[in-house]
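upload.csv follows (CSV, C-alpha atoms):
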chain,number,residue,atom,x,y,z
A,4,MET,CA,12.9,13.3,22.6
A,5,ILE,CA,11.5,9.7,22.5
A,6,HIS,CA,14.3,8.8,20.1
A,7,PHE,CA,16.9,10.0,22.7
A,8,ILE,CA,15.2,8.1,25.5
A,9,LEU,CA,15.1,4.9,23.6
A,10,ASN,CA,18.7,5.1,22.5
A,11,THR,CA,19.9,5.5,26.1
A,12,LYS,CA,18.1,2.2,27.0
A,13,ILE,CA,19.7,0.3,24.1
A,14,ASP,CA,23.3,-0.1,25.3
A,15,VAL,CA,26.0,-2.2,23.7
A,16,LEU,CA,24.8,-5.4,25.6
A,17,ASN,CA,21.2,-4.8,24.6
A,18,TRP,CA,22.3,-4.5,20.9
A,19,LYS,CA,24.2,-7.8,21.3
A,20,ILE,CA,21.1,-9.4,22.8
A,21,LEU,CA,18.9,-8.0,20.0
A,22,LYS,CA,21.3,-9.3,17.4
A,23,LEU,CA,21.1,-12.9,18.9
A,24,LEU,CA,17.3,-12.8,19.3
A,25,GLN,CA,16.9,-11.6,15.7
A,26,GLU,CA,19.0,-14.5,14.5
A,27,ASN,CA,17.0,-17.0,16.7
A,28,ALA,CA,14.2,-15.8,18.9
A,29,ARG,CA,14.0,-19.2,20.5
A,30,GLU,CA,17.6,-18.9,21.9
A,31,SER,CA,17.6,-19.6,25.6
A,32,PHE,CA,18.6,-16.8,28.0
A,33,ALA,CA,21.4,-19.1,29.3
A,34,ASN,CA,22.9,-19.4,25.8
A,35,ILE,CA,22.5,-15.6,25.2
A,36,GLY,CA,24.1,-14.9,28.6
A,37,ARG,CA,27.1,-17.1,27.8
A,38,LYS,CA,27.6,-15.2,24.5
A,39,VAL,CA,27.3,-11.7,25.9
A,40,GLY,CA,28.8,-12.3,29.4
A,41,LEU,CA,25.6,-12.0,31.5
A,42,THR,CA,23.7,-14.4,33.8
A,43,PRO,CA,20.3,-15.8,32.4
A,44,PRO,CA,18.3,-13.6,34.9
A,45,ALA,CA,20.2,-10.5,33.8
A,46,VAL,CA,19.4,-11.3,30.1
A,47,ALA,CA,15.7,-12.0,31.0
A,48,GLU,CA,15.5,-8.6,32.8
A,49,ARG,CA,17.0,-6.8,29.8
A,50,VAL,CA,14.7,-8.5,27.4
A,51,LYS,CA,11.7,-7.7,29.6
A,52,LYS,CA,12.7,-4.1,29.7
A,53,MET,CA,13.1,-3.9,25.9
A,54,GLU,CA,9.7,-5.6,25.5
A,55,ASP,CA,8.1,-3.0,27.9
A,56,LEU,CA,9.7,-0.2,26.0
A,57,GLY,CA,8.4,-1.6,22.7
A,58,VAL,CA,11.9,-2.2,21.3
A,59,ILE,CA,11.0,-5.9,21.0
A,60,SER,CA,7.4,-6.0,19.7
A,61,GLY,CA,6.9,-9.7,19.4
A,62,TYR,CA,8.2,-13.1,18.3
A,63,LYS,CA,7.2,-15.0,15.2
A,64,ALA,CA,7.9,-18.1,13.2
A,65,VAL,CA,9.1,-17.6,9.7
A,66,VAL,CA,6.9,-19.8,7.5
A,67,SER,CA,7.9,-20.8,3.9
A,68,HIS,CA,5.1,-19.9,1.4
A,69,SER,CA,6.3,-22.6,-1.1
A,70,HIS,CA,6.2,-25.4,1.5
A,71,THR,CA,2.6,-24.5,2.5
A,72,GLY,CA,1.0,-24.7,-0.9
A,73,TYR,CA,1.6,-21.2,-2.2
A,74,GLN,CA,3.6,-21.2,-5.4
A,75,LEU,CA,3.6,-17.4,-6.1
A,76,LYS,CA,4.7,-14.5,-3.9
A,77,ALA,CA,4.0,-11.1,-5.3
A,78,ILE,CA,4.1,-7.4,-4.5
A,79,ILE,CA,0.9,-5.6,-5.5
A,80,THR,CA,0.5,-1.9,-5.4
A,81,LEU,CA,-2.9,-0.2,-5.4
A,82,ARG,CA,-3.7,3.3,-6.6
A,83,ALA,CA,-7.1,3.8,-5.0
A,84,PHE,CA,-10.0,5.4,-6.8
A,85,MET,CA,-11.5,8.5,-5.3
A,86,GLY,CA,-13.5,7.5,-2.2
A,87,LYS,CA,-12.3,3.9,-2.3
A,88,LEU,CA,-9.2,4.0,0.0
A,89,ARG,CA,-11.1,3.9,3.3
A,90,PRO,CA,-13.3,1.0,2.2
A,91,PHE,CA,-10.2,-0.9,1.1
A,92,LEU,CA,-8.4,-0.2,4.4
A,93,GLU,CA,-11.4,-1.6,6.3
A,94,ILE,CA,-11.5,-4.9,4.3
A,95,VAL,CA,-7.8,-5.7,3.5
A,96,ASN,CA,-7.2,-7.5,6.7
A,97,THR,CA,-9.8,-10.1,5.7
A,98,TYR,CA,-7.8,-11.1,2.6
A,99,GLU,CA,-5.9,-14.3,3.5
A,100,GLU,CA,-3.6,-13.7,0.6
A,101,VAL,CA,-2.1,-10.6,2.2
A,102,VAL,CA,0.9,-11.2,4.3
A,103,ASN,CA,1.9,-7.5,4.7
A,104,CYS,CA,0.1,-4.3,3.7
A,105,TYR,CA,1.4,-0.7,4.0
A,106,ARG,CA,0.1,2.8,3.2
A,107,ILE,CA,2.7,4.5,1.2
A,108,THR,CA,3.5,7.9,-0.4
A,109,GLY,CA,3.8,8.4,-4.1
A,110,ASN,CA,1.5,7.6,-7.0
A,111,GLU,CA,0.2,4.5,-5.3
A,112,ASN,CA,-1.6,4.4,-1.9
A,113,ILE,CA,-1.0,0.8,-0.9
A,114,ILE,CA,1.7,-1.8,-1.3
A,115,MET,CA,1.0,-5.4,-0.3
A,116,LEU,CA,3.1,-8.6,-0.1
A,117,VAL,CA,0.8,-11.5,-1.1
A,118,VAL,CA,1.1,-15.3,-1.4
A,119,LEU,CA,-1.0,-17.2,-4.0
A,120,LYS,CA,-1.5,-20.8,-5.1
A,121,ASP,CA,-1.0,-20.1,-8.8
A,122,GLN,CA,-1.6,-17.6,-11.6
A,123,PHE,CA,-5.4,-18.4,-11.5
A,124,HIS,CA,-5.5,-17.5,-7.8
A,125,LEU,CA,-3.6,-14.3,-8.7
A,126,GLU,CA,-6.2,-13.4,-11.4
A,127,LYS,CA,-9.1,-13.9,-8.9
A,128,PHE,CA,-7.4,-11.9,-6.3
A,129,ILE,CA,-6.7,-9.0,-8.7
A,130,ASP,CA,-10.4,-9.2,-9.7
A,131,LYS,CA,-11.3,-8.5,-6.0
A,132,LEU,CA,-8.9,-5.6,-5.8
A,133,ILE,CA,-9.8,-3.7,-9.0
A,134,GLN,CA,-13.1,-2.4,-7.5
A,135,TYR,CA,-10.9,-0.3,-5.2
A,136,GLY,CA,-8.4,1.0,-7.7
A,137,GLU,CA,-5.7,0.4,-10.3
A,138,THR,CA,-3.3,-2.4,-9.5
A,139,ARG,CA,0.3,-3.2,-10.5
A,140,THR,CA,1.6,-6.7,-9.8
A,141,HIS,CA,5.3,-7.8,-9.5
A,142,ILE,CA,5.9,-11.5,-9.2
A,143,ILE,CA,8.8,-12.2,-6.8
A,144,LEU,CA,11.3,-14.6,-8.3
A,145,SER,CA,13.6,-14.9,-5.3
A,146,ASP,CA,14.4,-13.3,-2.0
A,147,VAL,CA,17.6,-11.3,-2.1
A,148,VAL,CA,17.4,-9.8,1.4
A,149,SER,CA,14.7,-11.2,3.7
A,150,ASN,CA,14.1,-10.4,7.4
A,151,ALA,CA,17.5,-8.6,7.8
A,152,PRO,CA,18.2,-7.8,11.4
A,153,ILE,CA,17.9,-4.2,12.6
A,154,LYS,CA,21.3,-3.0,13.6
A,155,LYS,CA,22.6,-0.2,15.8
A,156,ARG,CA,22.7,3.0,13.8
A,157,GLU,CA,26.1,4.5,13.8
A,158,VAL,CA,26.0,8.2,14.7

Please lay out the structure from this file as structure tokens.
Amino acid sequence: MIHFILNTKIDVLNWKILKLLQENARESFANIGRKVGLTPPAVAERVKKMEDLGVISGYKAVVSHSHTGYQLKAIITLRAFMGKLRPFLEIVNTYEEVVNCYRITGNENIIMLVVLKDQFHLEKFIDKLIQYGETRTHIILSDVVSNAPIKKREV
């Protein structure tokens, strides 16, 4: 039922606004209005309603890991030892290396996106993790798709 309610609030104009905000969250309501055929106050009202509904959950700057001193980006999975998942979940948000962390299904319990200064930093970070379970590390060579916009689902 919630899915149906939200879809009725995201009309064609709202999808156009969402597309523009996902491309540039700093775009002015006046510029968005010109592109979608609305006045700035009408755009502001629609954006506010989408924020209130949770369709728009925030705005963030995209920061380059390589320009901020982190030479490695990696995906690390963790298969938690018996009784170690909860303690890990309670501490993971204190690890400054972790950019994103998800609980997942399958053989592993956790998948994390991390940024690291170098291979020595990676080794120290893995040493912190191994008390909680078995890890697998995948060094990211390049971004193929990154921060792709969420688009209207065709029915």

Find, counting only C-alpha atoms, the residue in A:Lys19, A:Lys155, A:Lys127, A:Lys63 that gets nearest to Val50 (chain A).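 The answer is A:Lys19, which sits nearest to Val50 (chain A).
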
Distance criterion (only C-alpha atoms): nearest to Glu54 (chain A) out of A:Leu41, A:Leu21, A:Ala151, A:Leu81: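 For Glu54 (chain A), the nearest of the given residues is A:Leu21.
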
Distance query region 23-29 of chain A at most 10 Å, all atoms listed in the file, self and fewer than 2 positions along chain excluded, as a PyMOL selection string: chain A and resi 17-21+31-32+34-35+38-39+50+59+61-64+150-154

Option closest in space to Ile107 (chain A), from A:Arg82, A:His68, A:Arg37, A:Arg49 [counting only C-alpha atoms]: A:Arg82

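Going from CA of Glu100 (chain A) over to CA of Phe128 (chain A), you cover 8.1 Å.
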
Quick check, in Å to one decimal: how far apart do CA of Ser69 (chain A) and CA of Val101 (chain A) lie?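 If I compute the distance from CA of Ser69 (chain A) to CA of Val101 (chain A), I get 15.0 Å.
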
List the spatial neighbours of Ile78 (chain A) as a list in words - criterion: any atom at most 8 Å away, only C-alpha atoms, same-chain residues fewer than 2 positions off excluded.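 Here the answer would be Lys76, Thr80, Ile114, Met115, Leu116, Val117, Thr140, His141, Ile142 and Ile143 of chain A.
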
For the atom pair CA of Val118 (chain A) and CA of Leu75 (chain A), what is the interatomic distance in Å to one decimal place?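 The value is 5.7 Å.
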
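Proximity to Glu137 (chain A) was assessed for A:Lys87, A:Lys22, A:Lys120, A:Lys52 counting all atoms listed in the file; the smallest distance is recorded for A:Lys87.
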
Considering all atoms listed in the file, state which residue in the set A:Val65, A:Glu30, A:Ile113, A:Thr71 is at the smallest distance from Leu88 (chain A).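 Closest candidate: A:Ile113.
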
Where atoms are absent from region 115-126 of chain A, fill them in so it carries all heavy atoms, then output it as a PDB file, in the coordinates of the input.
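Result file follows (result.pdb):
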ATOM      1  N   MET A 115       1.339  -4.195  -1.064  1.00  0.00           N
ATOM      2  CA  MET A 115       1.000  -5.400  -0.300  1.00  0.00           C
ATOM      3  C   MET A 115       1.996  -6.538  -0.757  1.00  0.00           C
ATOM      4  O   MET A 115       2.352  -6.645  -1.924  1.00  0.00           O
ATOM      5  CB  MET A 115      -0.372  -5.930  -0.680  1.00  0.00           C
ATOM      6  CG  MET A 115      -1.489  -5.034  -0.263  1.00  0.00           C
ATOM      7  SD  MET A 115      -3.076  -5.614  -0.927  1.00  0.00           S
ATOM      8  CE  MET A 115      -3.023  -4.870  -2.556  1.00  0.00           C
ATOM      9  N   LEU A 116       2.374  -7.360   0.199  1.00  0.00           N
ATOM     10  CA  LEU A 116       3.100  -8.600  -0.100  1.00  0.00           C
ATOM     11  C   LEU A 116       1.998  -9.691   0.038  1.00  0.00           C
ATOM     12  O   LEU A 116       1.306  -9.780   1.065  1.00  0.00           O
ATOM     13  CB  LEU A 116       4.186  -8.869   0.924  1.00  0.00           C
ATOM     14  CG  LEU A 116       4.874 -10.226   0.834  1.00  0.00           C
ATOM     15  CD1 LEU A 116       5.609 -10.372  -0.497  1.00  0.00           C
ATOM     16  CD2 LEU A 116       5.824 -10.426   1.986  1.00  0.00           C
ATOM     17  N   VAL A 117       1.836 -10.473  -1.030  1.00  0.00           N
ATOM     18  CA  VAL A 117       0.800 -11.500  -1.100  1.00  0.00           C
ATOM     19  C   VAL A 117       1.374 -12.848  -1.427  1.00  0.00           C
ATOM     20  O   VAL A 117       2.413 -12.925  -2.088  1.00  0.00           O
ATOM     21  CB  VAL A 117      -0.350 -11.126  -2.026  1.00  0.00           C
ATOM     22  CG1 VAL A 117      -1.001  -9.817  -1.612  1.00  0.00           C
ATOM     23  CG2 VAL A 117       0.127 -11.062  -3.459  1.00  0.00           C
ATOM     24  N   VAL A 118       0.710 -13.921  -0.987  1.00  0.00           N
ATOM     25  CA  VAL A 118       1.100 -15.300  -1.400  1.00  0.00           C
ATOM     26  C   VAL A 118      -0.162 -15.883  -2.077  1.00  0.00           C
ATOM     27  O   VAL A 118      -1.299 -15.669  -1.659  1.00  0.00           O
ATOM     28  CB  VAL A 118       1.538 -16.164  -0.223  1.00  0.00           C
ATOM     29  CG1 VAL A 118       2.869 -15.669   0.319  1.00  0.00           C
ATOM     30  CG2 VAL A 118       0.513 -16.225   0.887  1.00  0.00           C
ATOM     31  N   LEU A 119       0.103 -16.635  -3.160  1.00  0.00           N
ATOM     32  CA  LEU A 119      -1.000 -17.200  -4.000  1.00  0.00           C
ATOM     33  C   LEU A 119      -0.649 -18.570  -4.440  1.00  0.00           C
ATOM     34  O   LEU A 119       0.518 -18.926  -4.593  1.00  0.00           O
ATOM     35  CB  LEU A 119      -1.159 -16.252  -5.214  1.00  0.00           C
ATOM     36  CG  LEU A 119      -1.362 -14.781  -4.850  1.00  0.00           C
ATOM     37  CD1 LEU A 119      -0.550 -13.887  -5.738  1.00  0.00           C
ATOM     38  CD2 LEU A 119      -2.815 -14.426  -4.874  1.00  0.00           C
ATOM     39  N   LYS A 120      -1.693 -19.380  -4.664  1.00  0.00           N
ATOM     40  CA  LYS A 120      -1.500 -20.800  -5.100  1.00  0.00           C
ATOM     41  C   LYS A 120      -0.902 -20.872  -6.482  1.00  0.00           C
ATOM     42  O   LYS A 120      -0.024 -21.673  -6.739  1.00  0.00           O
ATOM     43  CB  LYS A 120      -2.813 -21.533  -5.030  1.00  0.00           C
ATOM     44  CG  LYS A 120      -3.358 -21.702  -3.647  1.00  0.00           C
ATOM     45  CD  LYS A 120      -4.716 -22.388  -3.688  1.00  0.00           C
ATOM     46  CE  LYS A 120      -5.460 -22.052  -2.422  1.00  0.00           C
ATOM     47  NZ  LYS A 120      -6.888 -22.112  -2.587  1.00  0.00           N
ATOM     48  N   ASP A 121      -1.416 -20.046  -7.401  1.00  0.00           N
ATOM     49  CA  ASP A 121      -1.000 -20.100  -8.800  1.00  0.00           C
ATOM     50  C   ASP A 121      -1.476 -18.859  -9.522  1.00  0.00           C
ATOM     51  O   ASP A 121      -2.066 -17.968  -8.902  1.00  0.00           O
ATOM     52  CB  ASP A 121      -1.497 -21.376  -9.482  1.00  0.00           C
ATOM     53  CG  ASP A 121      -3.000 -21.565  -9.331  1.00  0.00           C
ATOM     54  OD1 ASP A 121      -3.745 -20.557  -9.293  1.00  0.00           O
ATOM     55  OD2 ASP A 121      -3.439 -22.723  -9.247  1.00  0.00           O
ATOM     56  N   GLN A 122      -1.260 -18.800 -10.840  1.00  0.00           N
ATOM     57  CA  GLN A 122      -1.600 -17.600 -11.600  1.00  0.00           C
ATOM     58  C   GLN A 122      -3.166 -17.437 -11.643  1.00  0.00           C
ATOM     59  O   GLN A 122      -3.662 -16.311 -11.745  1.00  0.00           O
ATOM     60  CB  GLN A 122      -1.051 -17.628 -13.018  1.00  0.00           C
ATOM     61  CG  GLN A 122      -1.663 -18.634 -13.959  1.00  0.00           C
ATOM     62  CD  GLN A 122      -0.977 -19.987 -13.912  1.00  0.00           C
ATOM     63  OE1 GLN A 122      -0.308 -20.352 -12.952  1.00  0.00           O
ATOM     64  NE2 GLN A 122      -1.141 -20.754 -14.980  1.00  0.00           N
ATOM     65  N   PHE A 123      -3.930 -18.513 -11.537  1.00  0.00           N
ATOM     66  CA  PHE A 123      -5.400 -18.400 -11.500  1.00  0.00           C
ATOM     67  C   PHE A 123      -5.858 -17.753 -10.217  1.00  0.00           C
ATOM     68  O   PHE A 123      -6.783 -16.940 -10.221  1.00  0.00           O
ATOM     69  CB  PHE A 123      -6.038 -19.777 -11.713  1.00  0.00           C
ATOM     70  CG  PHE A 123      -5.580 -20.461 -12.973  1.00  0.00           C
ATOM     71  CD1 PHE A 123      -4.757 -21.579 -12.916  1.00  0.00           C
ATOM     72  CD2 PHE A 123      -5.939 -19.965 -14.224  1.00  0.00           C
ATOM     73  CE1 PHE A 123      -4.315 -22.190 -14.071  1.00  0.00           C
ATOM     74  CE2 PHE A 123      -5.501 -20.578 -15.390  1.00  0.00           C
ATOM     75  CZ  PHE A 123      -4.683 -21.697 -15.319  1.00  0.00           C
ATOM     76  N   HIS A 124      -5.222 -18.112  -9.136  1.00  0.00           N
ATOM     77  CA  HIS A 124      -5.500 -17.500  -7.800  1.00  0.00           C
ATOM     78  C   HIS A 124      -5.153 -16.005  -7.903  1.00  0.00           C
ATOM     79  O   HIS A 124      -5.906 -15.160  -7.405  1.00  0.00           O
ATOM     80  CB  HIS A 124      -4.714 -18.222  -6.749  1.00  0.00           C
ATOM     81  CG  HIS A 124      -5.036 -17.794  -5.359  1.00  0.00           C
ATOM     82  ND1 HIS A 124      -4.350 -18.276  -4.274  1.00  0.00           N
ATOM     83  CD2 HIS A 124      -5.936 -16.925  -4.853  1.00  0.00           C
ATOM     84  CE1 HIS A 124      -4.809 -17.735  -3.173  1.00  0.00           C
ATOM     85  NE2 HIS A 124      -5.788 -16.896  -3.495  1.00  0.00           N
ATOM     86  N   LEU A 125      -4.022 -15.682  -8.525  1.00  0.00           N
ATOM     87  CA  LEU A 125      -3.600 -14.300  -8.700  1.00  0.00           C
ATOM     88  C   LEU A 125      -4.682 -13.507  -9.460  1.00  0.00           C
ATOM     89  O   LEU A 125      -5.075 -12.405  -9.068  1.00  0.00           O
ATOM     90  CB  LEU A 125      -2.266 -14.195  -9.420  1.00  0.00           C
ATOM     91  CG  LEU A 125      -1.808 -12.803  -9.847  1.00  0.00           C
ATOM     92  CD1 LEU A 125      -1.651 -11.882  -8.653  1.00  0.00           C
ATOM     93  CD2 LEU A 125      -0.495 -12.901 -10.633  1.00  0.00           C
ATOM     94  N   GLU A 126      -5.168 -14.090 -10.551  1.00  0.00           N
ATOM     95  CA  GLU A 126      -6.200 -13.400 -11.400  1.00  0.00           C
ATOM     96  C   GLU A 126      -7.446 -13.133 -10.548  1.00  0.00           C
ATOM     97  O   GLU A 126      -7.997 -12.024 -10.582  1.00  0.00           O
ATOM     98  CB  GLU A 126      -6.520 -14.255 -12.587  1.00  0.00           C
ATOM     99  CG  GLU A 126      -7.530 -13.597 -13.507  1.00  0.00           C
ATOM    100  CD  GLU A 126      -7.841 -14.443 -14.728  1.00  0.00           C
ATOM    101  OE1 GLU A 126      -7.608 -15.676 -14.718  1.00  0.00           O
ATOM    102  OE2 GLU A 126      -8.324 -13.856 -15.716  1.00  0.00           O
TER     103      GLU A 126
END
